[in-house]
$ cat final-v8.cif   # mmCIF, N, CA and C atoms
data_data
#
loop_
_atom_site.label_atom_id
_atom_site.label_comp_id
_atom_site.auth_asym_id
_atom_site.auth_seq_id
_atom_site.Cartn_x
_atom_site.Cartn_y
_atom_site.Cartn_z
N MET A 1 36.24 52.47 173.16
CA MET A 1 37.02 52.33 171.95
C MET A 1 36.91 50.87 171.51
N SER A 2 36.53 50.64 170.29
CA SER A 2 36.42 49.26 169.81
C SER A 2 37.55 48.96 168.85
N ALA A 3 37.88 47.70 168.74
CA ALA A 3 38.95 47.27 167.84
C ALA A 3 38.33 46.38 166.76
N THR A 4 38.88 46.44 165.57
CA THR A 4 38.40 45.58 164.51
C THR A 4 39.03 44.22 164.65
N ALA A 5 38.27 43.18 164.35
CA ALA A 5 38.76 41.82 164.53
C ALA A 5 39.88 41.48 163.56
N SER A 6 39.85 42.01 162.37
CA SER A 6 40.82 41.59 161.36
C SER A 6 42.20 42.20 161.55
N THR A 7 42.29 43.41 162.06
CA THR A 7 43.59 44.05 162.15
C THR A 7 44.06 44.32 163.56
N GLY A 8 43.14 44.27 164.53
CA GLY A 8 43.53 44.61 165.88
C GLY A 8 43.80 46.09 166.03
N THR A 9 43.33 46.90 165.09
CA THR A 9 43.56 48.34 165.13
C THR A 9 42.36 49.02 165.76
N ALA A 10 42.60 49.86 166.72
CA ALA A 10 41.53 50.58 167.39
C ALA A 10 40.94 51.60 166.42
N THR A 11 39.74 52.03 166.72
CA THR A 11 39.07 52.96 165.83
C THR A 11 39.80 54.29 165.73
N THR A 12 40.66 54.61 166.68
CA THR A 12 41.42 55.85 166.62
C THR A 12 42.62 55.72 165.67
N GLY A 13 42.89 54.51 165.19
CA GLY A 13 43.99 54.31 164.26
C GLY A 13 45.27 53.84 164.92
N THR A 14 45.27 53.67 166.24
CA THR A 14 46.46 53.16 166.91
C THR A 14 46.37 51.65 167.02
N ALA A 15 47.48 50.99 166.79
CA ALA A 15 47.49 49.53 166.82
C ALA A 15 47.49 49.03 168.25
N ARG A 16 46.77 47.94 168.47
CA ARG A 16 46.77 47.27 169.76
C ARG A 16 48.02 46.41 169.81
N THR A 17 48.81 46.56 170.86
CA THR A 17 50.05 45.80 170.95
C THR A 17 50.05 44.80 172.09
N LEU A 18 48.99 44.80 172.90
CA LEU A 18 48.83 43.86 174.00
C LEU A 18 47.48 43.16 173.86
N PRO A 19 47.30 42.03 174.53
CA PRO A 19 45.98 41.41 174.54
C PRO A 19 44.93 42.42 175.02
N ALA A 20 43.74 42.34 174.47
CA ALA A 20 42.70 43.35 174.70
C ALA A 20 42.45 43.65 176.18
N GLN A 21 42.45 42.64 177.04
CA GLN A 21 42.15 42.88 178.46
C GLN A 21 43.27 43.62 179.19
N PHE A 22 44.40 43.84 178.51
CA PHE A 22 45.51 44.58 179.11
C PHE A 22 45.76 45.90 178.37
N ALA A 23 44.76 46.37 177.66
CA ALA A 23 44.89 47.60 176.87
C ALA A 23 45.28 48.81 177.73
N ASP A 24 44.92 48.80 179.01
CA ASP A 24 45.27 49.92 179.89
C ASP A 24 46.77 50.01 180.14
N LEU A 25 47.53 48.99 179.75
CA LEU A 25 48.98 48.99 179.94
C LEU A 25 49.74 49.38 178.66
N GLU A 26 49.01 49.70 177.61
CA GLU A 26 49.62 50.03 176.31
C GLU A 26 50.67 51.13 176.41
N ARG A 27 50.46 52.11 177.26
CA ARG A 27 51.40 53.24 177.31
C ARG A 27 52.80 52.82 177.73
N TRP A 28 52.94 51.65 178.30
CA TRP A 28 54.24 51.19 178.78
C TRP A 28 54.99 50.34 177.76
N VAL A 29 54.33 49.94 176.70
CA VAL A 29 54.92 49.00 175.74
C VAL A 29 56.16 49.57 175.05
N ALA A 30 56.09 50.79 174.57
CA ALA A 30 57.21 51.35 173.80
C ALA A 30 58.52 51.34 174.59
N ASP A 31 58.45 51.65 175.87
CA ASP A 31 59.67 51.69 176.67
C ASP A 31 60.04 50.33 177.25
N TRP A 32 59.06 49.56 177.68
CA TRP A 32 59.36 48.42 178.54
C TRP A 32 59.17 47.04 177.94
N ALA A 33 58.53 46.91 176.79
CA ALA A 33 58.39 45.59 176.15
C ALA A 33 59.64 45.35 175.31
N ARG A 34 60.71 44.99 175.99
CA ARG A 34 62.02 44.79 175.37
C ARG A 34 62.35 43.30 175.35
N PRO A 35 62.90 42.82 174.23
CA PRO A 35 63.11 41.37 174.10
C PRO A 35 64.26 40.79 174.91
N THR A 36 65.22 41.61 175.33
CA THR A 36 66.35 41.04 176.07
C THR A 36 66.47 41.68 177.45
N ARG A 37 67.08 40.95 178.34
CA ARG A 37 67.33 41.44 179.68
C ARG A 37 68.22 42.69 179.65
N GLN A 38 69.21 42.68 178.78
CA GLN A 38 70.11 43.83 178.69
C GLN A 38 69.36 45.08 178.27
N GLU A 39 68.45 44.96 177.31
CA GLU A 39 67.66 46.12 176.89
C GLU A 39 66.77 46.61 178.03
N ARG A 40 66.21 45.70 178.80
CA ARG A 40 65.37 46.08 179.93
C ARG A 40 66.21 46.78 181.00
N TYR A 41 67.40 46.26 181.25
CA TYR A 41 68.28 46.86 182.25
C TYR A 41 68.74 48.25 181.79
N ASP A 42 69.09 48.37 180.53
CA ASP A 42 69.49 49.68 179.99
C ASP A 42 68.36 50.69 180.13
N MET A 43 67.12 50.24 179.89
CA MET A 43 65.97 51.14 180.04
C MET A 43 65.83 51.55 181.51
N ARG A 44 66.01 50.61 182.42
CA ARG A 44 65.93 50.95 183.84
C ARG A 44 66.94 52.03 184.20
N LEU A 45 68.16 51.88 183.70
CA LEU A 45 69.20 52.87 184.01
C LEU A 45 68.92 54.23 183.37
N SER A 46 68.16 54.25 182.29
CA SER A 46 67.89 55.51 181.60
C SER A 46 66.74 56.30 182.23
N LYS A 47 66.04 55.70 183.16
CA LYS A 47 64.86 56.33 183.76
C LYS A 47 65.18 56.91 185.13
N LYS A 48 64.41 57.93 185.49
CA LYS A 48 64.48 58.48 186.84
C LYS A 48 63.69 57.57 187.77
N TYR A 49 64.01 57.64 189.03
CA TYR A 49 63.37 56.79 190.02
C TYR A 49 61.84 56.92 189.99
N ASP A 50 61.33 58.15 189.88
CA ASP A 50 59.88 58.35 189.84
C ASP A 50 59.24 57.66 188.64
N GLU A 51 59.92 57.67 187.51
CA GLU A 51 59.41 56.99 186.32
C GLU A 51 59.36 55.48 186.53
N LEU A 52 60.36 54.94 187.19
CA LEU A 52 60.36 53.52 187.51
C LEU A 52 59.19 53.18 188.43
N GLY A 53 58.97 54.03 189.41
CA GLY A 53 57.85 53.82 190.33
C GLY A 53 56.51 53.86 189.63
N ASP A 54 56.35 54.79 188.71
CA ASP A 54 55.09 54.87 187.95
C ASP A 54 54.86 53.59 187.14
N PHE A 55 55.90 53.12 186.48
CA PHE A 55 55.78 51.88 185.71
C PHE A 55 55.44 50.71 186.62
N TYR A 56 56.19 50.55 187.68
CA TYR A 56 55.96 49.45 188.62
C TYR A 56 54.55 49.50 189.19
N ASP A 57 54.11 50.67 189.60
CA ASP A 57 52.77 50.82 190.19
C ASP A 57 51.66 50.51 189.20
N ALA A 58 51.92 50.67 187.92
CA ALA A 58 50.92 50.36 186.90
C ALA A 58 50.87 48.86 186.59
N ILE A 59 52.02 48.22 186.56
CA ILE A 59 52.09 46.81 186.15
C ILE A 59 51.86 45.86 187.30
N ALA A 60 52.43 46.11 188.46
CA ALA A 60 52.38 45.17 189.58
C ALA A 60 50.96 44.73 189.95
N PRO A 61 49.99 45.64 190.01
CA PRO A 61 48.65 45.19 190.38
C PRO A 61 48.01 44.25 189.34
N ARG A 62 48.52 44.27 188.13
CA ARG A 62 47.97 43.42 187.06
C ARG A 62 48.82 42.17 186.83
N ALA A 63 49.89 42.00 187.59
CA ALA A 63 50.84 40.91 187.34
C ALA A 63 50.19 39.53 187.48
N GLU A 64 49.46 39.29 188.55
CA GLU A 64 48.84 37.97 188.74
C GLU A 64 47.88 37.65 187.61
N GLU A 65 47.10 38.63 187.21
CA GLU A 65 46.17 38.43 186.10
C GLU A 65 46.93 38.12 184.81
N ALA A 66 48.02 38.83 184.57
CA ALA A 66 48.82 38.60 183.37
C ALA A 66 49.46 37.21 183.41
N ILE A 67 49.94 36.81 184.57
CA ILE A 67 50.54 35.47 184.71
C ILE A 67 49.49 34.40 184.46
N ASP A 68 48.31 34.56 185.03
CA ASP A 68 47.22 33.59 184.80
C ASP A 68 46.88 33.52 183.31
N TYR A 69 46.82 34.68 182.67
CA TYR A 69 46.53 34.72 181.23
C TYR A 69 47.61 33.98 180.45
N LEU A 70 48.86 34.27 180.73
CA LEU A 70 49.96 33.66 179.98
C LEU A 70 50.13 32.18 180.29
N ASN A 71 49.74 31.75 181.49
CA ASN A 71 49.79 30.33 181.82
C ASN A 71 48.89 29.50 180.90
N GLY A 72 47.91 30.11 180.29
CA GLY A 72 47.04 29.43 179.35
C GLY A 72 47.57 29.42 177.93
N ARG A 73 48.77 29.92 177.73
CA ARG A 73 49.38 30.00 176.40
C ARG A 73 50.59 29.08 176.32
N ASP A 74 50.95 28.74 175.11
CA ASP A 74 52.18 27.98 174.86
C ASP A 74 53.33 28.98 174.82
N LEU A 75 54.15 29.01 175.85
CA LEU A 75 55.21 30.01 175.95
C LEU A 75 56.28 29.86 174.87
N THR A 76 56.33 28.72 174.20
CA THR A 76 57.31 28.53 173.12
C THR A 76 56.77 29.04 171.79
N ASP A 77 55.50 29.44 171.75
CA ASP A 77 54.89 29.90 170.50
C ASP A 77 53.88 31.02 170.79
N LEU A 78 54.35 32.09 171.43
CA LEU A 78 53.47 33.19 171.80
C LEU A 78 53.16 34.09 170.61
N ALA A 79 51.94 34.56 170.57
CA ALA A 79 51.58 35.62 169.61
C ALA A 79 52.35 36.88 170.03
N ASP A 80 52.53 37.80 169.10
CA ASP A 80 53.30 39.01 169.39
C ASP A 80 52.75 39.80 170.57
N ASP A 81 51.42 39.95 170.65
CA ASP A 81 50.85 40.72 171.76
C ASP A 81 51.07 40.02 173.10
N ASP A 82 51.00 38.69 173.11
CA ASP A 82 51.27 37.94 174.33
C ASP A 82 52.75 38.04 174.72
N ALA A 83 53.65 38.01 173.75
CA ALA A 83 55.08 38.15 174.02
C ALA A 83 55.39 39.51 174.63
N ARG A 84 54.74 40.55 174.15
CA ARG A 84 54.96 41.88 174.72
C ARG A 84 54.46 41.94 176.17
N LEU A 85 53.35 41.28 176.46
CA LEU A 85 52.85 41.23 177.83
C LEU A 85 53.87 40.53 178.73
N LEU A 86 54.43 39.44 178.28
CA LEU A 86 55.47 38.73 179.03
C LEU A 86 56.68 39.63 179.25
N GLN A 87 57.07 40.38 178.23
CA GLN A 87 58.21 41.29 178.36
C GLN A 87 57.93 42.39 179.38
N LEU A 88 56.68 42.87 179.44
CA LEU A 88 56.33 43.85 180.46
C LEU A 88 56.49 43.26 181.86
N LEU A 89 56.12 42.00 182.01
CA LEU A 89 56.30 41.34 183.30
C LEU A 89 57.78 41.21 183.65
N TYR A 90 58.59 40.82 182.67
CA TYR A 90 60.03 40.74 182.90
C TYR A 90 60.58 42.10 183.33
N SER A 91 60.14 43.16 182.67
CA SER A 91 60.60 44.51 183.02
C SER A 91 60.14 44.89 184.42
N MET A 92 58.91 44.53 184.76
CA MET A 92 58.40 44.84 186.10
C MET A 92 59.28 44.19 187.16
N ILE A 93 59.68 42.93 186.93
CA ILE A 93 60.53 42.23 187.88
C ILE A 93 61.87 42.96 188.01
N LEU A 94 62.45 43.33 186.89
CA LEU A 94 63.74 44.03 186.91
C LEU A 94 63.63 45.38 187.62
N VAL A 95 62.55 46.08 187.39
CA VAL A 95 62.33 47.39 187.99
C VAL A 95 61.98 47.25 189.47
N SER A 96 61.40 46.13 189.87
CA SER A 96 61.00 45.96 191.27
C SER A 96 62.18 46.11 192.22
N TYR A 97 63.35 45.64 191.83
CA TYR A 97 64.53 45.79 192.68
C TYR A 97 64.87 47.26 192.88
N ALA A 98 64.84 48.01 191.80
CA ALA A 98 65.17 49.44 191.89
C ALA A 98 64.15 50.18 192.76
N VAL A 99 62.89 49.82 192.64
CA VAL A 99 61.83 50.51 193.36
C VAL A 99 61.74 50.07 194.81
N ASN A 100 61.78 48.77 195.05
CA ASN A 100 61.52 48.24 196.39
C ASN A 100 62.75 47.99 197.25
N VAL A 101 63.92 47.87 196.63
CA VAL A 101 65.12 47.55 197.39
C VAL A 101 66.14 48.69 197.34
N PHE A 102 66.54 49.08 196.13
CA PHE A 102 67.61 50.06 195.98
C PHE A 102 67.15 51.50 196.12
N MET A 103 65.88 51.77 195.84
CA MET A 103 65.32 53.12 195.88
C MET A 103 66.03 54.06 194.90
N GLN A 104 66.54 53.49 193.83
CA GLN A 104 67.21 54.24 192.76
C GLN A 104 67.40 53.29 191.58
N PRO A 105 67.61 53.82 190.37
CA PRO A 105 67.77 52.96 189.20
C PRO A 105 69.00 52.05 189.25
N ARG A 106 70.10 52.57 189.75
CA ARG A 106 71.35 51.80 189.79
C ARG A 106 71.46 51.00 191.08
N ILE A 107 72.30 50.00 191.06
CA ILE A 107 72.60 49.25 192.26
C ILE A 107 73.51 50.12 193.13
N PRO A 108 73.14 50.37 194.38
CA PRO A 108 73.95 51.26 195.23
C PRO A 108 75.38 50.75 195.38
N ASP A 109 76.28 51.69 195.47
CA ASP A 109 77.69 51.41 195.74
C ASP A 109 78.33 50.49 194.71
N SER A 110 77.82 50.53 193.48
CA SER A 110 78.39 49.67 192.44
C SER A 110 79.37 50.43 191.56
N GLY A 111 79.48 51.73 191.75
CA GLY A 111 80.44 52.52 190.98
C GLY A 111 80.28 52.32 189.49
N ALA A 112 81.38 52.07 188.83
CA ALA A 112 81.36 51.88 187.38
C ALA A 112 81.20 50.41 187.01
N ALA A 113 80.95 49.55 187.98
CA ALA A 113 80.80 48.13 187.70
C ALA A 113 79.58 47.88 186.82
N PHE A 114 79.68 46.87 185.99
CA PHE A 114 78.56 46.48 185.14
C PHE A 114 78.67 45.00 184.87
N PHE A 115 77.62 44.43 184.31
CA PHE A 115 77.67 43.04 183.91
C PHE A 115 77.00 42.87 182.57
N ASN A 116 77.46 41.92 181.83
CA ASN A 116 76.88 41.59 180.53
C ASN A 116 76.18 40.25 180.64
N THR A 117 75.05 40.15 179.98
CA THR A 117 74.35 38.87 179.91
C THR A 117 74.92 38.14 178.70
N THR A 118 75.54 37.01 178.94
CA THR A 118 76.14 36.27 177.83
C THR A 118 75.18 35.25 177.25
N ALA A 119 74.21 34.84 178.02
CA ALA A 119 73.20 33.90 177.53
C ALA A 119 71.90 34.19 178.23
N GLU A 120 70.82 34.04 177.51
CA GLU A 120 69.51 34.26 178.07
C GLU A 120 68.65 33.06 177.74
N PRO A 121 67.86 32.57 178.67
CA PRO A 121 67.05 31.39 178.39
C PRO A 121 66.11 31.62 177.22
N ALA A 122 65.98 30.62 176.39
CA ALA A 122 65.03 30.71 175.28
C ALA A 122 63.62 30.57 175.83
N VAL A 123 62.71 31.30 175.25
CA VAL A 123 61.31 31.21 175.67
C VAL A 123 60.60 30.22 174.78
#
$ encode --input "final-v8.cif" --output "structure tokens"
Amino acid sequence: MSATASTGTATTGTARTLPAQFADLERWVADWARPTRQERYDMRLSKKYDELGDFYDAIAPRAEEAIDYLNGRDLTDLADDDARLLQLLYSMILVSYAVNVFMQPRIPDSGAAFFNTTAEPAV
């Protein structure tokens, strides 16, 4: 599948939303490229454990490559596709706890407890 240089649109008519070398991760963008931590956490809670595992297993092997790619960018002025890649990494980190530690979307034994993010670092 080739993309046109001027629009970034693939020949099938779907828009490219990630840098070209990460096109295999496109299927995760709609759910996981969220701009805030709260949105990422809400998405984690809305998913079943198996879905979290599928996402984590797809992103984790590409994380070092994505970090190396983003290290070559100005994080204060990211292009939209680069920002979405960074958001996928943020989501992967958030999901990693559920997959590798808790073995479920929620924090065990937390009952109805919740937390709000009152401030988030600017990128």
$ residues_around --input "final-v8.cif" --residues "range 54-66 of chain A" --least-positions-apart "6" --cutoff "8 Å" --atoms "all atoms listed in the file" --output "list of chain:residue names"
A:Asp24, A:Leu25, A:Trp28, A:Lys48, A:Gly72, A:Leu85, A:Leu86, A:Leu88, A:Leu89, A:Ser91, A:Met92, A:Ile93, A:Val95, A:Ser96, A:Val99
$ closest_residue --input "final-v8.cif" --among "A:Arg84, A:Arg73, A:Arg106, A:Lys47" --to "Val29 in chain A" --atoms "all atoms listed in the file"
A:Arg84
$ closest_residue --input "final-v8.cif" --among "A:Gln104, A:Gly53, A:Met43, A:Arg34" --to "Ala83 in chain A" --atoms "all atoms listed in the file"
A:Arg34
$ atom_distance --input "final-v8.cif" --atom1 "atom C of Leu75 in chain A" --atom2 "atom C of Pro19 in chain A"
16.9 Å
$ atom_distance --input "final-v8.cif" --atom1 "CA of Leu94 in chain A" --atom2 "CA of Asp31 in chain A"
13.4 Å
$ axis_aligned_box --input "final-v8.cif" --around "range 18-26 of chain A" --padding-each-side "6 Å" --output "AutoDock Vina command-line options"
--center_x 46.4 --center_y 46.3 --center_z 176.5 --size_x 20.5 --size_y 21.7 --size_z 19.2
$ atom_distance --input "final-v8.cif" --atom1 "atom N of Asp81 in chain A" --atom2 "atom C of Asp42 in chain A"
22.2 Å
$ build_atoms --input "final-v8.cif" --residues "range 31-51 of chain A" --atoms "N, CA, C and O atoms" --output "PDB file, in the coordinates of the input"
ATOM      1  N   ASP A  31      58.450  51.650 175.870  1.00  0.00           N
ATOM      2  CA  ASP A  31      59.670  51.690 176.670  1.00  0.00           C
ATOM      3  C   ASP A  31      60.040  50.330 177.250  1.00  0.00           C
ATOM      4  O   ASP A  31      61.228  50.002 177.337  1.00  0.00           O
ATOM      5  N   TRP A  32      59.060  49.560 177.680  1.00  0.00           N
ATOM      6  CA  TRP A  32      59.360  48.420 178.540  1.00  0.00           C
ATOM      7  C   TRP A  32      59.170  47.040 177.940  1.00  0.00           C
ATOM      8  O   TRP A  32      59.623  46.060 178.520  1.00  0.00           O
ATOM      9  N   ALA A  33      58.530  46.910 176.790  1.00  0.00           N
ATOM     10  CA  ALA A  33      58.390  45.590 176.150  1.00  0.00           C
ATOM     11  C   ALA A  33      59.640  45.350 175.310  1.00  0.00           C
ATOM     12  O   ALA A  33      59.648  45.503 174.094  1.00  0.00           O
ATOM     13  N   ARG A  34      60.710  44.990 175.990  1.00  0.00           N
ATOM     14  CA  ARG A  34      62.020  44.790 175.370  1.00  0.00           C
ATOM     15  C   ARG A  34      62.350  43.300 175.350  1.00  0.00           C
ATOM     16  O   ARG A  34      62.144  42.607 176.333  1.00  0.00           O
ATOM     17  N   PRO A  35      62.900  42.820 174.230  1.00  0.00           N
ATOM     18  CA  PRO A  35      63.110  41.370 174.100  1.00  0.00           C
ATOM     19  C   PRO A  35      64.260  40.790 174.910  1.00  0.00           C
ATOM     20  O   PRO A  35      64.267  39.589 175.178  1.00  0.00           O
ATOM     21  N   THR A  36      65.220  41.610 175.330  1.00  0.00           N
ATOM     22  CA  THR A  36      66.350  41.040 176.070  1.00  0.00           C
ATOM     23  C   THR A  36      66.470  41.680 177.450  1.00  0.00           C
ATOM     24  O   THR A  36      66.059  42.828 177.671  1.00  0.00           O
ATOM     25  N   ARG A  37      67.080  40.950 178.340  1.00  0.00           N
ATOM     26  CA  ARG A  37      67.330  41.440 179.680  1.00  0.00           C
ATOM     27  C   ARG A  37      68.220  42.690 179.650  1.00  0.00           C
ATOM     28  O   ARG A  37      68.009  43.631 180.395  1.00  0.00           O
ATOM     29  N   GLN A  38      69.210  42.680 178.780  1.00  0.00           N
ATOM     30  CA  GLN A  38      70.110  43.830 178.690  1.00  0.00           C
ATOM     31  C   GLN A  38      69.360  45.080 178.270  1.00  0.00           C
ATOM     32  O   GLN A  38      69.580  46.158 178.824  1.00  0.00           O
ATOM     33  N   GLU A  39      68.450  44.960 177.310  1.00  0.00           N
ATOM     34  CA  GLU A  39      67.660  46.120 176.890  1.00  0.00           C
ATOM     35  C   GLU A  39      66.770  46.610 178.030  1.00  0.00           C
ATOM     36  O   GLU A  39      66.595  47.823 178.216  1.00  0.00           O
ATOM     37  N   ARG A  40      66.210  45.700 178.800  1.00  0.00           N
ATOM     38  CA  ARG A  40      65.370  46.080 179.930  1.00  0.00           C
ATOM     39  C   ARG A  40      66.210  46.780 181.000  1.00  0.00           C
ATOM     40  O   ARG A  40      65.798  47.792 181.571  1.00  0.00           O
ATOM     41  N   TYR A  41      67.400  46.260 181.250  1.00  0.00           N
ATOM     42  CA  TYR A  41      68.280  46.860 182.250  1.00  0.00           C
ATOM     43  C   TYR A  41      68.740  48.250 181.790  1.00  0.00           C
ATOM     44  O   TYR A  41      68.763  49.206 182.571  1.00  0.00           O
ATOM     45  N   ASP A  42      69.090  48.370 180.530  1.00  0.00           N
ATOM     46  CA  ASP A  42      69.490  49.680 179.990  1.00  0.00           C
ATOM     47  C   ASP A  42      68.360  50.690 180.130  1.00  0.00           C
ATOM     48  O   ASP A  42      68.591  51.860 180.451  1.00  0.00           O
ATOM     49  N   MET A  43      67.120  50.240 179.890  1.00  0.00           N
ATOM     50  CA  MET A  43      65.970  51.140 180.040  1.00  0.00           C
ATOM     51  C   MET A  43      65.830  51.550 181.510  1.00  0.00           C
ATOM     52  O   MET A  43      65.582  52.722 181.797  1.00  0.00           O
ATOM     53  N   ARG A  44      66.010  50.610 182.420  1.00  0.00           N
ATOM     54  CA  ARG A  44      65.930  50.950 183.840  1.00  0.00           C
ATOM     55  C   ARG A  44      66.940  52.030 184.200  1.00  0.00           C
ATOM     56  O   ARG A  44      66.625  52.995 184.893  1.00  0.00           O
ATOM     57  N   LEU A  45      68.160  51.880 183.700  1.00  0.00           N
ATOM     58  CA  LEU A  45      69.200  52.870 184.010  1.00  0.00           C
ATOM     59  C   LEU A  45      68.920  54.230 183.370  1.00  0.00           C
ATOM     60  O   LEU A  45      69.408  55.249 183.866  1.00  0.00           O
ATOM     61  N   SER A  46      68.160  54.250 182.290  1.00  0.00           N
ATOM     62  CA  SER A  46      67.890  55.510 181.600  1.00  0.00           C
ATOM     63  C   SER A  46      66.740  56.300 182.230  1.00  0.00           C
ATOM     64  O   SER A  46      66.529  57.456 181.878  1.00  0.00           O
ATOM     65  N   LYS A  47      66.040  55.700 183.160  1.00  0.00           N
ATOM     66  CA  LYS A  47      64.860  56.330 183.760  1.00  0.00           C
ATOM     67  C   LYS A  47      65.180  56.910 185.130  1.00  0.00           C
ATOM     68  O   LYS A  47      66.049  56.446 185.844  1.00  0.00           O
ATOM     69  N   LYS A  48      64.410  57.930 185.490  1.00  0.00           N
ATOM     70  CA  LYS A  48      64.480  58.480 186.840  1.00  0.00           C
ATOM     71  C   LYS A  48      63.690  57.570 187.770  1.00  0.00           C
ATOM     72  O   LYS A  48      62.791  56.842 187.347  1.00  0.00           O
ATOM     73  N   TYR A  49      64.010  57.640 189.030  1.00  0.00           N
ATOM     74  CA  TYR A  49      63.370  56.790 190.020  1.00  0.00           C
ATOM     75  C   TYR A  49      61.840  56.920 189.990  1.00  0.00           C
ATOM     76  O   TYR A  49      61.121  55.915 190.061  1.00  0.00           O
ATOM     77  N   ASP A  50      61.330  58.150 189.880  1.00  0.00           N
ATOM     78  CA  ASP A  50      59.880  58.350 189.840  1.00  0.00           C
ATOM     79  C   ASP A  50      59.240  57.660 188.640  1.00  0.00           C
ATOM     80  O   ASP A  50      58.129  57.132 188.747  1.00  0.00           O
ATOM     81  N   GLU A  51      59.920  57.670 187.510  1.00  0.00           N
ATOM     82  CA  GLU A  51      59.410  56.990 186.320  1.00  0.00           C
ATOM     83  C   GLU A  51      59.360  55.480 186.530  1.00  0.00           C
ATOM     84  O   GLU A  51      58.405  54.819 186.103  1.00  0.00           O
TER      85      GLU A  51
END
